[in-house]
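S.K.: Provided herewith: input_11.cif, mmCIF, C-alpha atoms.
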```
data_coords
#
loop_
_atom_site.label_atom_id
_atom_site.label_comp_id
_atom_site.auth_asym_id
_atom_site.auth_seq_id
_atom_site.Cartn_x
_atom_site.Cartn_y
_atom_site.Cartn_z
CA MET A 1 6.11 -14.24 -27.95
CA PHE A 2 5.94 -15.55 -31.48
CA LYS A 3 8.34 -16.79 -34.11
CA LEU A 4 9.63 -14.46 -36.79
CA SER A 5 11.64 -15.25 -39.91
CA ILE A 6 12.89 -12.54 -42.21
CA VAL A 7 14.02 -14.03 -45.51
CA THR A 8 15.43 -12.44 -48.66
CA PRO A 9 16.40 -14.18 -51.91
CA GLU A 10 20.02 -13.84 -50.78
CA LYS A 11 19.84 -15.12 -47.25
CA VAL A 12 17.87 -15.81 -44.11
CA PHE A 13 18.22 -12.44 -42.44
CA TYR A 14 16.68 -13.22 -39.07
CA GLU A 15 15.11 -16.19 -37.40
CA GLY A 16 14.02 -16.01 -33.79
CA THR A 17 11.42 -15.28 -31.19
CA VAL A 18 10.09 -11.77 -30.84
CA SER A 19 7.53 -10.08 -28.62
CA SER A 20 6.36 -7.40 -31.04
CA LEU A 21 6.76 -6.48 -34.65
CA ILE A 22 5.86 -3.52 -36.86
CA VAL A 23 5.85 -3.91 -40.64
CA PRO A 24 5.06 -1.49 -43.48
CA GLY A 25 2.01 -3.09 -45.13
CA SER A 26 0.72 -1.77 -48.42
CA GLU A 27 -2.25 -0.28 -46.54
CA GLY A 28 -0.13 1.30 -43.83
CA TYR A 29 2.02 0.19 -40.94
CA LEU A 30 0.72 -2.67 -38.88
CA GLY A 31 1.72 -3.94 -35.49
CA VAL A 32 1.85 -7.64 -34.73
CA LEU A 33 1.69 -9.15 -31.27
CA THR A 34 1.24 -12.72 -30.06
CA ASP A 35 -1.91 -14.50 -31.31
CA HIS A 36 -2.44 -12.19 -34.24
CA ALA A 37 -5.20 -13.27 -36.63
CA PRO A 38 -3.95 -15.00 -39.79
CA LEU A 39 -3.01 -12.35 -42.31
CA ILE A 40 -1.26 -12.02 -45.61
CA THR A 41 -0.25 -8.62 -46.88
CA ALA A 42 2.01 -6.98 -49.43
CA ILE A 43 4.95 -5.01 -48.04
CA VAL A 44 6.13 -1.67 -49.38
CA PRO A 45 9.49 -0.02 -48.67
CA GLY A 46 9.53 1.20 -45.10
CA LYS A 47 10.71 0.69 -41.59
CA VAL A 48 10.54 -2.72 -39.92
CA MET A 49 10.86 -2.92 -36.16
CA TYR A 50 10.87 -5.85 -33.80
CA ARG A 51 11.54 -6.39 -30.14
CA ASP A 52 13.37 -9.64 -29.56
CA SER A 53 12.98 -12.00 -26.62
CA GLU A 54 15.68 -10.14 -24.68
CA GLY A 55 13.88 -6.83 -25.08
CA HIS A 56 16.23 -5.30 -27.64
CA GLU A 57 14.48 -3.17 -30.19
CA LEU A 58 15.87 -3.40 -33.70
CA THR A 59 15.09 -1.25 -36.71
CA MET A 60 15.57 -2.18 -40.34
CA ALA A 61 14.87 -0.74 -43.77
CA ALA A 62 13.02 -3.22 -45.98
CA SER A 63 11.95 -3.02 -49.61
CA PHE A 64 9.07 -4.71 -51.45
CA GLY A 65 7.77 -8.09 -50.40
CA PHE A 66 5.15 -10.00 -48.46
CA PHE A 67 4.23 -10.69 -44.93
CA GLU A 68 2.35 -13.63 -43.56
CA VAL A 69 1.36 -14.44 -40.02
CA SER A 70 -0.54 -17.47 -38.80
CA ALA A 71 -0.45 -19.65 -35.70
CA ASN A 72 2.14 -17.39 -34.04
CA HIS A 73 4.54 -17.77 -36.89
CA ALA A 74 5.36 -14.62 -38.84
CA THR A 75 7.24 -14.63 -42.12
CA LEU A 76 8.56 -11.52 -43.78
CA LEU A 77 9.69 -12.11 -47.35
CA VAL A 78 11.38 -9.07 -48.83
CA ASP A 79 13.65 -8.32 -51.77
CA SER A 80 16.18 -6.70 -49.48
CA VAL A 81 16.51 -5.69 -45.86
CA GLU A 82 19.25 -4.16 -43.74
CA PHE A 83 19.72 -2.90 -40.21
CA ALA A 84 19.25 0.84 -40.02
CA SER A 85 22.53 1.19 -38.17
CA GLU A 86 24.37 -0.49 -41.04
CA ILE A 87 23.05 1.65 -43.87
CA ASP A 88 25.77 3.58 -45.64
CA LEU A 89 24.14 6.98 -46.06
CA GLU A 90 26.55 8.13 -48.72
CA ARG A 91 25.93 5.07 -50.84
CA ALA A 92 22.20 5.42 -50.34
CA GLN A 93 22.38 9.06 -51.51
CA LYS A 94 24.21 7.97 -54.65
CA ALA A 95 21.64 5.24 -55.33
CA LEU A 96 18.92 7.87 -54.99
CA GLU A 97 20.68 10.11 -57.52
CA ARG A 98 21.02 7.20 -59.93
CA ALA A 99 17.38 6.30 -59.53
CA ARG A 100 16.33 9.91 -60.20
CA GLN A 101 18.43 9.98 -63.33
CA ARG A 102 16.99 6.69 -64.54
CA MET A 103 13.50 8.04 -64.00
CA ALA A 104 14.32 10.99 -66.24
CA ASN A 105 15.84 8.79 -68.95
CA GLU A 106 13.24 6.09 -68.89
CA ALA A 107 10.22 8.38 -69.29
CA GLY A 108 7.61 6.46 -71.25
CA ASN A 109 9.68 3.31 -71.22
CA ILE A 110 8.58 -0.07 -69.90
CA ASP A 111 11.37 0.07 -67.32
CA LEU A 112 9.75 3.05 -65.69
CA ASP A 113 8.21 0.78 -63.10
CA ARG A 114 11.59 -0.63 -62.18
CA ALA A 115 13.07 2.88 -61.90
CA HIS A 116 10.15 3.90 -59.73
CA ARG A 117 10.75 1.01 -57.38
CA ALA A 118 14.46 1.79 -57.19
CA LEU A 119 13.62 5.35 -56.25
CA ASP A 120 11.22 4.23 -53.53
CA ARG A 121 13.81 1.86 -52.12
CA ALA A 122 16.55 4.50 -52.08
CA ARG A 123 14.30 7.09 -50.43
CA ASN A 124 13.25 4.64 -47.77
CA ARG A 125 16.78 3.60 -46.89
CA ILE A 126 17.84 7.20 -46.42
CA LYS A 127 14.78 7.98 -44.33
CA VAL A 128 15.21 5.00 -42.04
CA ALA A 129 18.94 5.56 -41.67
CA ARG A 130 18.41 9.24 -40.76
CA ASP A 131 15.76 8.35 -38.19
CA VAL A 132 18.02 5.98 -36.38
CA GLN A 133 21.49 7.36 -36.87
CA ARG A 134 20.60 10.83 -35.74
CA MET B 1 59.22 -47.83 -82.05
CA PRO B 2 59.39 -44.08 -81.46
CA THR B 3 62.79 -42.56 -80.89
CA LEU B 4 63.99 -41.35 -77.50
CA ARG B 5 63.46 -37.72 -78.43
CA GLN B 6 59.93 -38.33 -79.64
CA VAL B 7 58.97 -40.07 -76.39
CA LYS B 8 60.50 -37.30 -74.33
CA LYS B 9 58.60 -34.64 -76.24
CA ARG B 10 55.39 -36.61 -75.78
CA ILE B 11 55.95 -36.86 -72.03
CA ARG B 12 56.47 -33.12 -71.78
CA SER B 13 53.28 -32.38 -73.64
CA VAL B 14 51.23 -34.77 -71.49
CA ILE B 15 52.68 -33.16 -68.34
CA SER B 16 51.55 -29.72 -69.44
CA THR B 17 48.12 -31.06 -70.36
CA ARG B 18 47.88 -32.55 -66.90
CA GLN B 19 48.71 -29.17 -65.39
CA ILE B 20 45.91 -27.55 -67.35
CA THR B 21 43.31 -30.16 -66.47
CA LYS B 22 44.37 -30.01 -62.83
CA ALA B 23 43.95 -26.24 -62.81
CA MET B 24 40.55 -26.52 -64.47
CA GLU B 25 39.50 -29.08 -61.91
CA MET B 26 40.38 -26.71 -59.10
CA VAL B 27 38.65 -23.74 -60.72
CA ALA B 28 35.53 -25.86 -61.22
CA ALA B 29 35.66 -26.94 -57.58
CA ALA B 30 35.80 -23.32 -56.41
CA LYS B 31 32.94 -22.32 -58.70
CA LEU B 32 30.94 -25.33 -57.58
CA ARG B 33 31.21 -24.21 -53.97
CA LYS B 34 29.93 -20.77 -54.92
CA ALA B 35 27.10 -22.20 -56.99
CA GLN B 36 26.08 -24.55 -54.19
CA MET B 37 25.99 -21.63 -51.80
CA LYS B 38 23.63 -19.77 -54.14
CA ILE B 39 21.31 -22.79 -54.16
CA MET B 40 21.32 -22.84 -50.37
CA GLN B 41 20.69 -19.10 -50.18
CA VAL B 42 17.66 -19.00 -52.41
CA ARG B 43 16.06 -22.18 -51.06
CA PRO B 44 14.49 -20.76 -47.87
CA TYR B 45 13.02 -17.83 -49.79
CA SER B 46 11.65 -20.11 -52.46
CA GLU B 47 10.08 -22.42 -49.87
CA LYS B 48 8.43 -19.56 -48.00
CA LEU B 49 7.12 -18.16 -51.25
CA ASP B 50 5.58 -21.54 -52.12
CA HIS B 51 4.11 -21.59 -48.66
CA ILE B 52 2.46 -18.18 -49.02
CA LEU B 53 1.19 -19.08 -52.47
CA ILE B 54 -0.45 -22.22 -51.12
CA HIS B 55 -2.10 -20.34 -48.28
CA LEU B 56 -3.17 -17.61 -50.60
CA SER B 57 -4.77 -19.87 -53.18
CA ALA B 58 -6.37 -22.06 -50.52
CA SER B 59 -7.91 -19.10 -48.73
CA ALA B 60 -8.91 -17.28 -51.89
CA GLY B 61 -11.38 -20.08 -52.49
CA GLY B 62 -9.11 -21.92 -54.89
CA GLU B 63 -9.43 -19.11 -57.36
CA LEU B 64 -6.13 -18.23 -58.98
CA MET B 65 -6.42 -14.65 -59.90
CA HIS B 66 -3.40 -14.02 -62.02
CA PRO B 67 -2.61 -14.27 -65.76
CA PHE B 68 0.33 -16.62 -65.02
CA PHE B 69 -2.16 -19.37 -64.18
CA GLU B 70 -4.10 -19.02 -67.39
CA THR B 71 -4.19 -22.24 -69.42
CA ARG B 72 -4.98 -21.75 -73.06
CA GLU B 73 -5.24 -24.04 -76.02
CA VAL B 74 -1.59 -24.58 -76.92
CA LYS B 75 -0.84 -23.22 -80.36
CA LYS B 76 2.57 -21.71 -79.78
CA ARG B 77 5.17 -23.20 -77.52
CA THR B 78 8.45 -21.95 -76.17
CA LEU B 79 11.33 -24.06 -75.00
CA VAL B 80 13.89 -22.64 -72.64
CA LEU B 81 17.05 -24.72 -72.70
CA ILE B 82 19.73 -24.06 -70.13
CA THR B 83 23.16 -25.35 -71.15
CA ALA B 84 26.69 -24.37 -70.22
CA ASP B 85 28.69 -21.66 -71.96
CA ARG B 86 31.71 -23.90 -72.26
CA GLY B 87 32.58 -27.47 -72.96
CA LEU B 88 35.03 -29.79 -71.24
CA CYS B 89 32.38 -30.96 -68.85
CA GLY B 90 31.85 -34.50 -70.05
CA SER B 91 28.49 -35.28 -71.58
CA PHE B 92 26.71 -32.44 -69.78
CA ASN B 93 25.87 -30.32 -72.83
CA SER B 94 25.31 -33.18 -75.24
CA ASN B 95 22.89 -34.83 -72.81
CA LEU B 96 20.92 -31.62 -72.49
CA ILE B 97 20.89 -31.04 -76.23
CA SER B 98 19.74 -34.55 -77.02
CA ARG B 99 16.98 -34.22 -74.43
CA ALA B 100 15.91 -30.96 -76.07
CA ARG B 101 15.96 -32.60 -79.50
CA ALA B 102 13.83 -35.45 -78.23
CA TRP B 103 11.36 -32.91 -76.86
CA LEU B 104 11.36 -30.98 -80.13
CA ALA B 105 11.04 -34.11 -82.30
CA ASP B 106 7.23 -34.04 -82.44
CA LYS B 107 6.86 -30.25 -82.38
CA ASP B 108 6.19 -27.98 -85.31
CA PRO B 109 9.13 -25.62 -86.05
CA VAL B 110 6.80 -22.82 -87.12
CA ASN B 111 5.00 -22.60 -83.80
CA THR B 112 7.87 -23.41 -81.50
CA ASP B 113 10.34 -20.84 -80.28
CA LEU B 114 13.64 -21.50 -78.61
CA ILE B 115 15.15 -19.42 -75.88
CA LEU B 116 18.69 -20.55 -75.29
CA VAL B 117 20.59 -19.92 -72.12
CA GLY B 118 24.27 -20.77 -72.45
CA LYS B 119 26.45 -20.68 -75.53
CA ARG B 120 26.62 -24.41 -76.17
CA GLY B 121 22.93 -24.85 -76.77
CA HIS B 122 22.88 -21.83 -79.03
CA ASP B 123 25.87 -23.04 -81.05
CA PHE B 124 24.03 -26.25 -81.70
CA PHE B 125 20.61 -24.88 -82.61
CA LYS B 126 21.68 -21.88 -84.68
CA ARG B 127 22.63 -24.24 -87.50
CA ARG B 128 19.21 -25.86 -87.48
CA ASN B 129 15.91 -24.50 -88.63
CA TRP B 130 14.31 -23.64 -85.31
CA THR B 131 13.31 -20.11 -84.48
CA ILE B 132 15.67 -18.75 -81.86
CA THR B 133 13.87 -15.95 -80.08
CA ALA B 134 16.58 -15.05 -77.65
CA ARG B 135 19.98 -16.12 -76.46
CA PHE B 136 21.48 -15.47 -73.06
CA ALA B 137 25.15 -16.40 -73.07
CA ASP B 138 28.47 -15.39 -71.52
CA TRP B 139 27.60 -15.97 -67.89
CA GLY B 140 31.19 -16.72 -66.98
CA GLY B 141 29.93 -19.64 -64.92
CA ASN B 142 28.28 -17.39 -62.35
CA LEU B 143 24.67 -16.62 -61.66
CA ASP B 144 23.95 -13.07 -62.78
CA TYR B 145 20.73 -11.80 -61.13
CA GLY B 146 20.30 -8.98 -63.64
CA LYS B 147 20.44 -11.38 -66.57
CA ALA B 148 18.07 -13.75 -64.83
CA ARG B 149 15.65 -10.85 -64.40
CA ASP B 150 15.90 -10.11 -68.15
CA ILE B 151 15.02 -13.71 -68.99
CA VAL B 152 12.03 -13.67 -66.65
CA ASP B 153 10.81 -10.33 -68.02
CA LEU B 154 11.02 -11.63 -71.57
CA LEU B 155 9.28 -14.92 -70.80
CA THR B 156 6.46 -13.46 -68.74
CA LYS B 157 5.83 -10.67 -71.24
CA ARG B 158 5.61 -13.12 -74.12
CA PHE B 159 3.26 -15.34 -72.17
CA VAL B 160 0.97 -12.56 -71.01
CA ASP B 161 0.91 -10.95 -74.48
CA GLY B 162 -0.17 -14.27 -75.97
CA GLU B 163 2.93 -14.69 -78.12
CA THR B 164 3.31 -18.11 -76.58
CA ASP B 165 0.83 -20.35 -74.79
CA GLU B 166 3.15 -22.64 -72.95
CA ILE B 167 6.75 -22.32 -71.80
CA THR B 168 8.73 -25.44 -71.00
CA MET B 169 12.12 -25.41 -69.39
CA ILE B 170 14.81 -28.05 -69.81
CA TYR B 171 17.64 -27.78 -67.32
CA THR B 172 19.63 -29.89 -64.90
CA GLN B 173 18.69 -30.39 -61.33
CA PHE B 174 21.66 -30.56 -59.02
CA LEU B 175 21.67 -33.68 -56.83
CA SER B 176 25.28 -33.95 -55.73
CA THR B 177 28.73 -33.18 -57.09
CA THR B 178 28.67 -36.32 -59.18
CA ARG B 179 24.99 -36.40 -60.00
CA TYR B 180 22.50 -34.25 -61.82
CA ARG B 181 19.14 -34.94 -63.33
CA ILE B 182 17.90 -33.48 -66.60
CA THR B 183 14.54 -31.99 -65.79
CA GLU B 184 11.68 -30.96 -67.99
CA LYS B 185 9.42 -28.49 -66.29
CA MET B 186 6.48 -26.32 -67.19
CA TYR B 187 7.45 -22.74 -66.47
CA LEU B 188 4.29 -20.96 -67.60
CA PRO B 189 1.41 -21.32 -67.02
CA VAL B 190 2.24 -21.89 -63.38
CA GLU B 191 0.95 -25.18 -62.09
CA ARG B 192 -1.84 -25.04 -59.57
CA PRO B 193 -0.25 -25.19 -56.12
CA GLN B 194 -0.67 -28.51 -54.36
CA ILE B 195 -2.75 -28.02 -51.27
CA GLU B 196 -2.02 -30.60 -48.63
CA GLY B 197 -4.19 -31.62 -45.72
CA ASN B 198 -2.57 -29.09 -43.46
CA GLN B 199 -4.68 -27.51 -40.74
CA ALA B 200 -3.00 -24.13 -41.16
CA VAL B 201 -4.24 -23.98 -44.74
CA ASN B 202 -7.89 -23.86 -43.76
CA GLN B 203 -7.58 -20.78 -41.64
CA ASP B 204 -9.42 -17.67 -42.62
CA TYR B 205 -6.80 -15.22 -43.68
CA ILE B 206 -7.16 -11.49 -43.74
CA PHE B 207 -5.79 -10.11 -46.98
CA GLU B 208 -4.46 -6.62 -47.28
CA PRO B 209 -5.25 -5.02 -49.63
CA SER B 210 -6.94 -7.95 -51.46
CA PRO B 211 -6.05 -11.44 -52.73
CA VAL B 212 -5.90 -10.11 -56.30
CA ALA B 213 -3.43 -7.38 -55.37
CA ILE B 214 -1.27 -9.87 -53.52
CA PHE B 215 -1.31 -12.27 -56.48
CA THR B 216 -0.23 -9.38 -58.69
CA ASP B 217 2.74 -8.72 -56.43
CA LEU B 218 3.56 -12.32 -55.72
CA MET B 219 3.52 -13.98 -59.13
CA PRO B 220 6.36 -12.02 -60.79
CA ARG B 221 8.55 -12.84 -57.79
CA TYR B 222 7.46 -16.44 -57.94
CA ALA B 223 8.45 -16.63 -61.62
CA TYR B 224 11.76 -14.93 -60.85
CA THR B 225 12.55 -17.25 -57.96
CA LYS B 226 11.79 -20.35 -60.05
CA MET B 227 14.19 -19.09 -62.71
CA ILE B 228 16.92 -18.33 -60.18
CA THR B 229 16.52 -21.80 -58.70
CA ALA B 230 16.76 -23.45 -62.12
CA LEU B 231 19.82 -21.39 -63.06
CA ALA B 232 21.57 -22.00 -59.75
CA ASP B 233 20.97 -25.75 -60.12
CA SER B 234 22.24 -25.71 -63.70
CA PHE B 235 25.43 -23.88 -62.83
CA ALA B 236 26.15 -26.16 -59.91
CA SER B 237 25.60 -29.25 -62.10
CA GLU B 238 27.85 -27.83 -64.78
CA HIS B 239 30.71 -27.12 -62.40
CA GLY B 240 30.29 -30.46 -60.64
CA THR B 241 30.39 -32.34 -63.92
CA ARG B 242 33.38 -30.38 -65.12
CA MET B 243 35.22 -31.02 -61.88
CA ILE B 244 34.69 -34.77 -62.27
CA ALA B 245 35.60 -34.75 -65.98
CA MET B 246 38.78 -32.79 -65.36
CA GLY B 247 39.68 -34.96 -62.38
CA ALA B 248 39.39 -38.04 -64.60
CA ALA B 249 41.45 -36.33 -67.31
CA THR B 250 44.15 -35.49 -64.76
CA SER B 251 44.43 -39.06 -63.52
CA ASN B 252 44.42 -40.38 -67.10
CA ALA B 253 47.26 -38.03 -67.93
CA GLY B 254 49.15 -39.35 -64.90
CA GLU B 255 48.73 -42.93 -66.11
CA MET B 256 49.84 -41.92 -69.56
CA ILE B 257 52.96 -40.27 -68.17
CA ASP B 258 53.83 -43.48 -66.27
CA THR B 259 53.45 -45.61 -69.41
CA LEU B 260 55.45 -43.19 -71.49
CA THR B 261 58.21 -42.93 -68.88
CA LEU B 262 58.49 -46.72 -68.85
CA GLN B 263 58.71 -46.72 -72.63
CA TYR B 264 61.32 -43.99 -72.50
CA ASN B 265 63.46 -45.88 -69.98
CA LYS B 266 63.23 -49.07 -71.99
CA ALA B 267 64.28 -47.25 -75.16
CA ARG B 268 67.15 -45.58 -73.30
CA GLN B 269 68.36 -48.89 -71.91
CA ALA B 270 68.17 -50.49 -75.35
CA ALA B 271 70.24 -47.66 -76.78
CA ILE B 272 72.90 -48.04 -74.09
CA THR B 273 73.07 -51.79 -74.59
CA LYS B 274 73.44 -51.29 -78.28
CA GLU B 275 76.27 -48.78 -77.79
CA LEU B 276 78.05 -51.10 -75.38
CA LEU B 277 77.80 -53.95 -77.83
CA ASP B 278 79.24 -51.71 -80.50
CA ILE B 279 82.20 -50.75 -78.31
CA VAL B 280 82.87 -54.29 -77.15
CA GLY B 281 82.51 -55.55 -80.73
CA GLY B 282 84.92 -52.84 -81.91
CA ALA B 283 87.46 -53.72 -79.22
CA GLU B 284 87.25 -57.42 -80.08
CA ALA B 285 87.83 -56.60 -83.73
CA LEU B 286 90.97 -54.51 -82.90
CA LYS B 287 92.40 -57.33 -80.81
CA GLY B 288 91.88 -59.74 -83.67
#
```
Take the structure in this file and express it as structure tokens.
M.R.:
Amino acid sequence: MFKLSIVTPEKVFYEGTVSSLIVPGSEGYLGVLTDHAPLITAIVPGKVMYRDSEGHELTMAASFGFFEVSANHATLLVDSVEFASEIDLERAQKALERARQRMANEAGNIDLDRAHRALDRARNRIKVARDVQR
Amino acid sequence: MPTLRQVKKRIRSVISTRQITKAMEMVAAAKLRKAQMKIMQVRPYSEKLDHILIHLSASAGGELMHPFFETREVKKRTLVLITADRGLCGSFNSNLISRARAWLADKDPVNTDLILVGKRGHDFFKRRNWTITARFADWGGNLDYGKARDIVDLLTKRFVDGETDEITMIYTQFLSTTRYRITEKMYLPVERPQIEGNQAVNQDYIFEPSPVAIFTDLMPRYAYTKMITALADSFASEHGTRMIAMGAATSNAGEMIDTLTLQYNKARQAAITKELLDIVGGAEALKG
């Protein structure tokens, strides 16, 4: 068991004790169990999973951020995160469309990076939602 | 001595003023609650970010591998002044402006740029010969994350491109509804994180992919979070100050109404007495 806090700029999303955790690191997914070595990594949009102290497994879609673990205390700092079961697929589809359009309009612009990130986020949310809601 | 009608008119106008100030007080109170909530929301994120930054810089051998830390010889400065969009909040804006003027007093106008957040600050400085690089107004009293992002993008780009060597921010720190503190803070370059004698700090961290890559990802968010915090504090201070100012105005109006009503009643009584005397005098004369 170790402590996990998931925090976004808008709110503290989760704070509690978990037995296992999987996060999408920039170098690939990584699993975290009790007594993990101290680690800091960047997080890319992907699926976050944890098993809480009661054995429930929960799945979320997270976007860009950071992850730190040390002394059995894990912190996931992300721009946004939501439970897979709560993702509105229709809205996510629309966001994806918007992001695609922005990509086309912004070609060669400095905001291309932002559009790129929006696209990644939208894709990830749809993917995670489909995985779970199916 | 004003006439009865004049006093009555005056009372009516003070009553409607009191209604307005009362309404403004309540609006400010509602906005204050919202602004306070935003402060509370961003605080945990900001703290954790500080925490990661400290661990990162401690473990990376104290090397700060990001352009935001770069200290250069200061030739060109930028001042970011956060004021309110509107007045009627006591001395809030004038305090901020005079603090900014004090800061600017010994600076050279040619090499100092102003970035003004909030209409009041802009209205003041546009008539003076400082270079205004950008203005971010019309917030409607609410924190707009998109606008905050625009400010951060502009500031960081200017700093990294070498258009400015130092960015200072003047804003108000929210202490409580009745109290705020005008704060002067270095925004860029980012100050070296304070490493405390914490045992967790000295651990050997694994970095994925590398400390440099994490700094690259972390610093823009750090800059953004600092801006959000400053803005949230400013808005909360503004609404708090306005609530107090309008509350005072409302109770002053109440006192004024009491005084005027007394005056009105006295004048009315005097008029009646005078009329009575006239009638009695007239009756006496007829008897005569």
S.K.: Do you know which residues the PyMOL selection byres ((chain B) within 12 of (chain A)) returns on this file, as a ChimeraX atom specification?
M.R.: /B:37-57,59-60,145,149-150,153-154,157,199-222,224-226,228-229
S.K.: Suppose you want the space between atom CA of B:Ile82 and atom CA of B:Leu116; what is it in Å?
M.R.: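 Spanning atom CA of B:Ile82 to atom CA of B:Leu116 is a straight-line distance of 6.3 Å.
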S.K.: Mind checking which residues fall within 12 Å of B:Asp123, counting all atoms listed in the file, ignoring those fewer than 5 positions away in the same chain, and posting them as a ChimeraX atom specification?
M.R.: /B:83-87,93-94,97,116-118,128,132,135-137
S.K.: Using the chain letters and numbers from this file, what does the PyMOL selection byres ((chain B and resi 162) around 12) select? Give the answer as a list in words.
M.R.: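 Expected selection for the PyMOL selection byres ((chain B and resi 162) around 12) here is Pro67, Phe68, Glu70, Thr71, Arg72, Glu73, Val74, Lys75, Lys76, Arg77, Thr78, Leu155, Thr156, Lys157, Arg158, Phe159, Val160, Asp161, Glu163, Thr164, Asp165, Glu166, Ile167, Leu188 and Pro189 of chain B.
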S.K.: For the atom pair atom CA of B:Tyr171 and atom CA of B:Ala134, what is the interatomic distance in Å to one decimal place?
M.R.: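 Taking atom CA of B:Tyr171 and atom CA of B:Ala134, their separation equals 16.4 Å.
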S.K.: To verify the selection step, state as a count of residues only which residues the PyMOL selection byres ((chain A and resi 85-99) around 10) yields on this input.
M.R.: 33
S.K.: Could you tell me how far atom CA of A:Val18 sits from atom CA of A:Val48, in Å to one decimal place?
M.R.: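 Atom CA of A:Val48 sits 12.8 Å away from atom CA of A:Val18.
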S.K.: Would you please work out which residue, of B:Ala29, B:Ala223, B:Ala102, B:Leu276, is nearest to B:Val190 when using all atoms listed in the file?
M.R.: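 Going through B:Ala29, B:Ala223, B:Ala102, B:Leu276 one by one, the smallest distance to B:Val190 is for B:Ala223.
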S.K.: Can you list, as a PDB file with C-alpha atoms, keeping the file's coordinate frame, every protein, DNA or RNA residue that comes within 8 Å of stretch 237-249 of chain B when you count all atoms listed in the file, leaving out same-chain residues fewer than 2 positions away?
M.R.:
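Written output follows (result_3.pdb):
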```pdb
ATOM      1  CA  ARG B  18      47.880 -32.550 -66.900  1.00  0.00           C
ATOM      2  CA  THR B  21      43.310 -30.160 -66.470  1.00  0.00           C
ATOM      3  CA  LYS B  22      44.370 -30.010 -62.830  1.00  0.00           C
ATOM      4  CA  MET B  24      40.550 -26.520 -64.470  1.00  0.00           C
ATOM      5  CA  GLU B  25      39.500 -29.080 -61.910  1.00  0.00           C
ATOM      6  CA  MET B  26      40.380 -26.710 -59.100  1.00  0.00           C
ATOM      7  CA  ALA B  28      35.530 -25.860 -61.220  1.00  0.00           C
ATOM      8  CA  ALA B  29      35.660 -26.940 -57.580  1.00  0.00           C
ATOM      9  CA  LYS B  31      32.940 -22.320 -58.700  1.00  0.00           C
ATOM     10  CA  LEU B  32      30.940 -25.330 -57.580  1.00  0.00           C
ATOM     11  CA  ALA B  84      26.690 -24.370 -70.220  1.00  0.00           C
ATOM     12  CA  LEU B  88      35.030 -29.790 -71.240  1.00  0.00           C
ATOM     13  CA  CYS B  89      32.380 -30.960 -68.850  1.00  0.00           C
ATOM     14  CA  GLY B  90      31.850 -34.500 -70.050  1.00  0.00           C
ATOM     15  CA  PHE B  92      26.710 -32.440 -69.780  1.00  0.00           C
ATOM     16  CA  GLY B 141      29.930 -19.640 -64.920  1.00  0.00           C
ATOM     17  CA  THR B 172      19.630 -29.890 -64.900  1.00  0.00           C
ATOM     18  CA  GLN B 173      18.690 -30.390 -61.330  1.00  0.00           C
ATOM     19  CA  PHE B 174      21.660 -30.560 -59.020  1.00  0.00           C
ATOM     20  CA  LEU B 175      21.670 -33.680 -56.830  1.00  0.00           C
ATOM     21  CA  SER B 176      25.280 -33.950 -55.730  1.00  0.00           C
ATOM     22  CA  THR B 177      28.730 -33.180 -57.090  1.00  0.00           C
ATOM     23  CA  THR B 178      28.670 -36.320 -59.180  1.00  0.00           C
ATOM     24  CA  ARG B 179      24.990 -36.400 -60.000  1.00  0.00           C
ATOM     25  CA  TYR B 180      22.500 -34.250 -61.820  1.00  0.00           C
ATOM     26  CA  ASP B 233      20.970 -25.750 -60.120  1.00  0.00           C
ATOM     27  CA  SER B 234      22.240 -25.710 -63.700  1.00  0.00           C
ATOM     28  CA  PHE B 235      25.430 -23.880 -62.830  1.00  0.00           C
ATOM     29  CA  SER B 251      44.430 -39.060 -63.520  1.00  0.00           C
ATOM     30  CA  ASN B 252      44.420 -40.380 -67.100  1.00  0.00           C
ATOM     31  CA  ALA B 253      47.260 -38.030 -67.930  1.00  0.00           C
TER      32      ALA B 253
END
```
S.K.: Quick one: what's the axis-aligned box for stretch 189-194 of chain B, all listed atoms, 4 Å on every side, centre and edges in Å to one decimal, as lines of an AutoDock Vina configuration file?
M.R.:
```
center_x = 0.2
center_y = -24.9
center_z = -60.7
size_x = 12.1
size_y = 15.2
size_z = 20.7
```
S.K.: Missing atoms in stretch 275-280 of chain B: can you complete it with N, CA and C atoms, as a CSV table (one decimal), in the frame of the given file?
M.R.:
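Saved file selection-v3.csv follows:
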```
chain,number,residue,atom,x,y,z
B,275,GLU,N,75.0,-49.5,-77.8
B,275,GLU,CA,76.3,-48.8,-77.8
B,275,GLU,C,77.4,-49.6,-77.2
B,276,LEU,N,77.1,-50.2,-76.0
B,276,LEU,CA,78.0,-51.1,-75.4
B,276,LEU,C,78.5,-52.2,-76.3
B,277,LEU,N,77.5,-52.9,-76.9
B,277,LEU,CA,77.8,-54.0,-77.8
B,277,LEU,C,78.7,-53.5,-78.9
B,278,ASP,N,78.4,-52.3,-79.4
B,278,ASP,CA,79.2,-51.7,-80.5
B,278,ASP,C,80.7,-51.6,-80.0
B,279,ILE,N,80.8,-51.0,-78.8
B,279,ILE,CA,82.2,-50.8,-78.3
B,279,ILE,C,82.9,-52.1,-78.1
B,280,VAL,N,82.2,-53.0,-77.4
B,280,VAL,CA,82.9,-54.3,-77.2
B,280,VAL,C,83.2,-55.0,-78.5
```
